[in-house]
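First the structure, in the form of C-alpha cells, and then the observations on it.
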Amino acid sequence: TAYTYLAGVLTGNHSQVDRLWSTVPIVYAAYAAWFTGWDPRATLMAGLVGLWGARLTFNFARRGGYSWLPWKGEEDYRWEVLRKIAPLNRPVVWQIFHLLFICVYQMGLILLFTLPIAYAWRPSGGTSVLTTLDALLALAMIALIALEFVADQQQWTFQREKHRRIAAGEDLGPVYGKGFVHTGLWGRSRHPNYACEQSIWVVFYLFTGAATGEWLNASIVGCILLIFLFHGSANFSEGISAGKYPDYADYMKRVRRFI
C-alpha cells in the first residue's frame with residue numbers, strides 16, 4: 001500500500017494498484033497454501049487464483065499496463081476524468097482520495113477477497129479431503145475465467161479493428177461506427193467481464209462452505225465489497241460512454257448490465 005501511494009505521487013500515474021491487482025492475490029494464496037503444508041483444498045484454491053491471475057496479467061500487459069520500470073505503464077482513463085470533477089480537482093482532496101480509496105481501500109480489498117482460502121482451512125481437522133462439491137466449484141471457477149477471457153478478447157479484437165480503420169481512414173461501418181463493442185458476449189451483457197470477475201470471487205468464497213458446511217462466515221465481506229466496487233465502477237464507466245457514444249443510451253436499454 002505504501003509503495004502504490006508513493007509511486008503514484010512521484011509519477012503522477014495513479015494506476016499503481018492496477019499493476020498489482022492480478023499478482024498480489026497469487027502471492028497471498030500461495031503463501032496460505034504453503035502455510036497449511038500444501039493442504040489439498042488450499043492448494044487447489046491457490047492454483048485457481050494462479051490461473052485467474054495469469055489471465056488477467058496477460059490482458060493487462062497487452063493493453064500497455066506494464067513497463068520495464070514497474071511504476072510506469074498505462075493509467076486507467078477514469079482517474080483522469082475523476083481528477084477534473086469537484087471536489088477531487090483540488091490537489092489536497094485528490095491526494096486524500098488517492099491514499100484512502102485508490103491505495104488503502106483497494107489493496108485491503110485484494111486481501112479480503114483472497115481471504116476465503118484461510119477460512120477453508122481448519123488446522124485442527126487434519127488434511128482436507130476434496131469432495132464432489134470442490135470439483136464442481138473448481139470447474140465453475142475455470143469456466144468463468146475462460147468466459148472472462150473470451151469477453152476481453154472480443155473487446156480487444158473490436159478496439160484494434162476500430163482503431164486500425166480510423167488510422168487507415170476507412171469507413172467504420174455500422175458495427176465499428178457505434179464506437180463500443182456490442183456484439184458477442186457484449187450483446188448479452190454490457191459488462192460480461194465484470195460479471196465473470198464478480199462471480200469468480202463469489203465461487204471462491206463458496207469453497208469455505210464446501211470445507212466447513214457453514215455457508216456464512218466473515219470472509220464473505222471480500223466478494224460483497226468487490227460487487228459494490230464493480231457496481232460503482234460500472235456506473236462511472238457507463239456515464240462516460242453515454243456521453244461519448246450517441247448509441248450507448250439505447251444499448252443500455254436493450255442489454256442488461258451484468259446478467
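Note on naming: chains are A, B, ... as they come in the C-alpha cells, residues start from 1 per chain, ligands start from 1 in the order shown.
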
What's around region 18-25 of chain A at 10 Å? Count only C-alpha atoms, leave out sequence neighbours fewer than 2 positions away in its own chain, and write the answer as a PyMOL selection string.
chain A and resi 4+14-16+27-31+46+49-50+52-58+60-61+65-67+70-76+102-103+106-107+109-115

Determine, counting only C-alpha atoms, which protein, DNA and RNA residues have an atom within 12 Å of an atom of Ile259 (chain A); residues of the same chain fewer than 6 positions away are not included. Present the result as a PDB file with C-alpha atoms, in the first residue's frame.
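Okay, this is what ended up in result-v1.pdb:
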ATOM      1  CA  LEU A 185     -20.982 -11.713 -25.202  1.00  0.00           C
ATOM      2  CA  TRP A 186     -21.299  -7.926 -25.154  1.00  0.00           C
ATOM      3  CA  GLY A 187     -24.643  -8.282 -26.921  1.00  0.00           C
ATOM      4  CA  ARG A 188     -25.939 -10.228 -23.909  1.00  0.00           C
ATOM      5  CA  SER A 189     -24.265  -8.250 -21.118  1.00  0.00           C
ATOM      6  CA  ARG A 190     -22.912  -4.708 -21.097  1.00  0.00           C
ATOM      7  CA  HIS A 191     -20.041  -5.891 -18.898  1.00  0.00           C
ATOM      8  CA  PRO A 192     -19.571  -9.654 -19.317  1.00  0.00           C
ATOM      9  CA  ASN A 193     -16.002  -9.377 -17.999  1.00  0.00           C
ATOM     10  CA  TYR A 194     -17.193  -7.612 -14.843  1.00  0.00           C
ATOM     11  CA  ALA A 195     -19.972 -10.172 -14.384  1.00  0.00           C
ATOM     12  CA  CYS A 196     -17.451 -13.010 -14.554  1.00  0.00           C
ATOM     13  CA  GLN A 198     -17.528 -10.812  -9.503  1.00  0.00           C
ATOM     14  CA  SER A 199     -18.799 -14.369  -9.927  1.00  0.00           C
TER      15      SER A 199
END

Counting only C-alpha atoms, the option among A:Thr1, A:Val221, A:Tyr245, A:Ile240 closest to Tyr105 (chain A):
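Smallest separation from Tyr105 (chain A) among the options: A:Thr1.
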
CA of Phe180 (chain A) and CA of Ile145 (chain A) are how many Å apart?
22.6 Å

Counting only C-alpha atoms, which residue out of A:Trp68, A:Tyr248, A:Trp121, A:Tyr205 sits closest to Pro40 (chain A)?
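For Pro40 (chain A), the nearest of the given residues is A:Trp121.
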
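For Ala249 (chain A), the residues within 10 Å (counting only C-alpha atoms, excluding itself and residues fewer than 5 positions away along the chain) are Glu238, Gly239, Ser241, Ala242, Gly243 and Arg254 of chain A.
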
Write out, as a PDB file, in the first residue's frame, the residues just selected, with all heavy atoms.
ATOM      1  N   GLU A 238     -20.092   3.816 -17.497  1.00  0.00           N
ATOM      2  CA  GLU A 238     -21.220   3.963 -18.418  1.00  0.00           C
ATOM      3  C   GLU A 238     -21.620   5.421 -18.576  1.00  0.00           C
ATOM      4  O   GLU A 238     -22.098   5.825 -19.647  1.00  0.00           O
ATOM      5  CB  GLU A 238     -22.404   3.120 -17.944  1.00  0.00           C
ATOM      6  CG  GLU A 238     -22.135   1.625 -18.098  1.00  0.00           C
ATOM      7  CD  GLU A 238     -23.349   0.777 -17.812  1.00  0.00           C
ATOM      8  OE1 GLU A 238     -24.263   1.246 -17.093  1.00  0.00           O
ATOM      9  OE2 GLU A 238     -23.384  -0.365 -18.297  1.00  0.00           O
ATOM     10  N   GLY A 239     -21.425   6.211 -17.534  1.00  0.00           N
ATOM     11  CA  GLY A 239     -21.683   7.640 -17.662  1.00  0.00           C
ATOM     12  C   GLY A 239     -20.756   8.271 -18.690  1.00  0.00           C
ATOM     13  O   GLY A 239     -21.179   9.111 -19.501  1.00  0.00           O
ATOM     14  N   SER A 241     -19.230   6.603 -21.185  1.00  0.00           N
ATOM     15  CA  SER A 241     -19.565   6.042 -22.500  1.00  0.00           C
ATOM     16  C   SER A 241     -20.826   6.668 -23.084  1.00  0.00           C
ATOM     17  O   SER A 241     -20.902   6.938 -24.286  1.00  0.00           O
ATOM     18  CB  SER A 241     -19.743   4.521 -22.397  1.00  0.00           C
ATOM     19  OG  SER A 241     -18.535   3.899 -22.020  1.00  0.00           O
ATOM     20  N   ALA A 242     -21.822   6.908 -22.237  1.00  0.00           N
ATOM     21  CA  ALA A 242     -23.075   7.509 -22.718  1.00  0.00           C
ATOM     22  C   ALA A 242     -22.843   8.928 -23.236  1.00  0.00           C
ATOM     23  O   ALA A 242     -23.513   9.369 -24.178  1.00  0.00           O
ATOM     24  CB  ALA A 242     -24.115   7.515 -21.599  1.00  0.00           C
ATOM     25  N   GLY A 243     -21.888   9.629 -22.626  1.00  0.00           N
ATOM     26  CA  GLY A 243     -21.566  10.970 -23.087  1.00  0.00           C
ATOM     27  C   GLY A 243     -20.698  10.981 -24.335  1.00  0.00           C
ATOM     28  O   GLY A 243     -20.655  11.972 -25.063  1.00  0.00           O
ATOM     29  N   ARG A 254     -31.396  -1.872 -24.084  1.00  0.00           N
ATOM     30  CA  ARG A 254     -31.597  -3.183 -24.689  1.00  0.00           C
ATOM     31  C   ARG A 254     -30.886  -4.320 -23.963  1.00  0.00           C
ATOM     32  O   ARG A 254     -31.368  -5.459 -23.957  1.00  0.00           O
ATOM     33  CB  ARG A 254     -31.132  -3.174 -26.150  1.00  0.00           C
ATOM     34  CG  ARG A 254     -31.953  -2.307 -27.087  1.00  0.00           C
ATOM     35  CD  ARG A 254     -31.517  -2.472 -28.521  1.00  0.00           C
ATOM     36  NE  ARG A 254     -30.149  -1.985 -28.752  1.00  0.00           N
ATOM     37  CZ  ARG A 254     -29.071  -2.764 -28.837  1.00  0.00           C
ATOM     38  NH1 ARG A 254     -29.190  -4.077 -28.719  1.00  0.00           N
ATOM     39  NH2 ARG A 254     -27.882  -2.238 -29.068  1.00  0.00           N
TER      40      ARG A 254
END

For Ala33 (chain A): contacts at 6 Å, only C-alpha atoms, fewer than 3 positions along chain excluded, given as a compact mmCIF listing (two decimals) with all heavy atoms, in the first residue's frame:
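The resulting part_4.txt:
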# COMPACT_ATOMS: atom_id res chain seq x y z
N ALA A 30 -0.69 -18.39 -2.53
CA ALA A 30 0.43 -19.33 -2.50
C ALA A 30 1.02 -19.42 -1.10
O ALA A 30 1.37 -20.51 -0.62
CB ALA A 30 1.50 -18.89 -3.50
N THR A 36 -0.24 -23.99 5.11
CA THR A 36 -1.03 -25.16 5.52
C THR A 36 -0.30 -26.48 5.26
O THR A 36 -0.85 -27.55 5.52
CB THR A 36 -2.36 -25.21 4.76
OG1 THR A 36 -2.12 -25.44 3.37
CG2 THR A 36 -3.14 -23.92 4.94
N TRP A 38 0.63 -27.37 2.20
CA TRP A 38 0.04 -27.76 0.92
C TRP A 38 -1.17 -28.68 1.11
O TRP A 38 -1.30 -29.73 0.50
CB TRP A 38 1.08 -28.41 0.00
CG TRP A 38 2.24 -27.51 -0.24
CD1 TRP A 38 3.50 -27.64 0.27
CD2 TRP A 38 2.25 -26.29 -1.01
NE1 TRP A 38 4.30 -26.59 -0.13
CE2 TRP A 38 3.57 -25.75 -0.92
CE3 TRP A 38 1.29 -25.61 -1.76
CZ2 TRP A 38 3.92 -24.56 -1.55
CZ3 TRP A 38 1.66 -24.43 -2.38
CH2 TRP A 38 2.95 -23.92 -2.27
N ALA A 42 -6.52 -26.04 0.03
CA ALA A 42 -5.80 -24.77 -0.07
C ALA A 42 -4.95 -24.72 -1.34
O ALA A 42 -4.86 -23.69 -2.01
CB ALA A 42 -4.93 -24.55 1.16
N THR A 43 -4.33 -25.85 -1.68
CA THR A 43 -3.52 -25.91 -2.89
C THR A 43 -4.37 -25.76 -4.14
O THR A 43 -3.98 -25.06 -5.10
CB THR A 43 -2.74 -27.24 -2.94
OG1 THR A 43 -1.94 -27.37 -1.75
CG2 THR A 43 -1.84 -27.32 -4.15

What does the distance from CA of Arg83 (chain A) to CA of Phe230 (chain A) come to in Å, to one decimal?
19.5 Å

In Å, how far is it from CA of Phe228 (chain A) to CA of Gln153 (chain A)?
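Interatomic distance, CA of Phe228 (chain A) to CA of Gln153 (chain A): 25.0 Å.
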
A:Ile117, A:Lys84, A:Glu148, A:Arg62 ranked by distance to Gly47 (chain A), top pick (using only C-alpha atoms)
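Going through A:Ile117, A:Lys84, A:Glu148, A:Arg62 one by one, the smallest distance to Gly47 (chain A) is for A:Ile117.
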
Find the residues around Ile166 (chain A) up to 12 Å (only C-alpha atoms counted), leave out those fewer than 5 positions away in its own chain, and share them as an MDAnalysis selection string.
chainID A and resid 159:161 171:173 176:177 179

Select, from A:Phe101, A:Phe258, A:Trp215, A:Trp201, the residue with the minimum atom-to-atom distance to Met45 (chain A), counting only C-alpha atoms.
A:Trp201

Residue neighbourhood Leu44 (chain A), 12 Å, only C-alpha atoms, exclusion window fewer than 6 positions, as a VMD selection string
chain A and resid 29 to 30 32 to 34 38 50 to 51 117 120 to 121 128 to 131 134 to 135 137 to 139 141 to 142 204 207

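Minimum atom-to-atom distance to Leu100 (chain A), evaluated using only C-alpha atoms, belongs to A:Ala2 out of A:Ala210, A:Val202, A:Ala2, A:Ala218.
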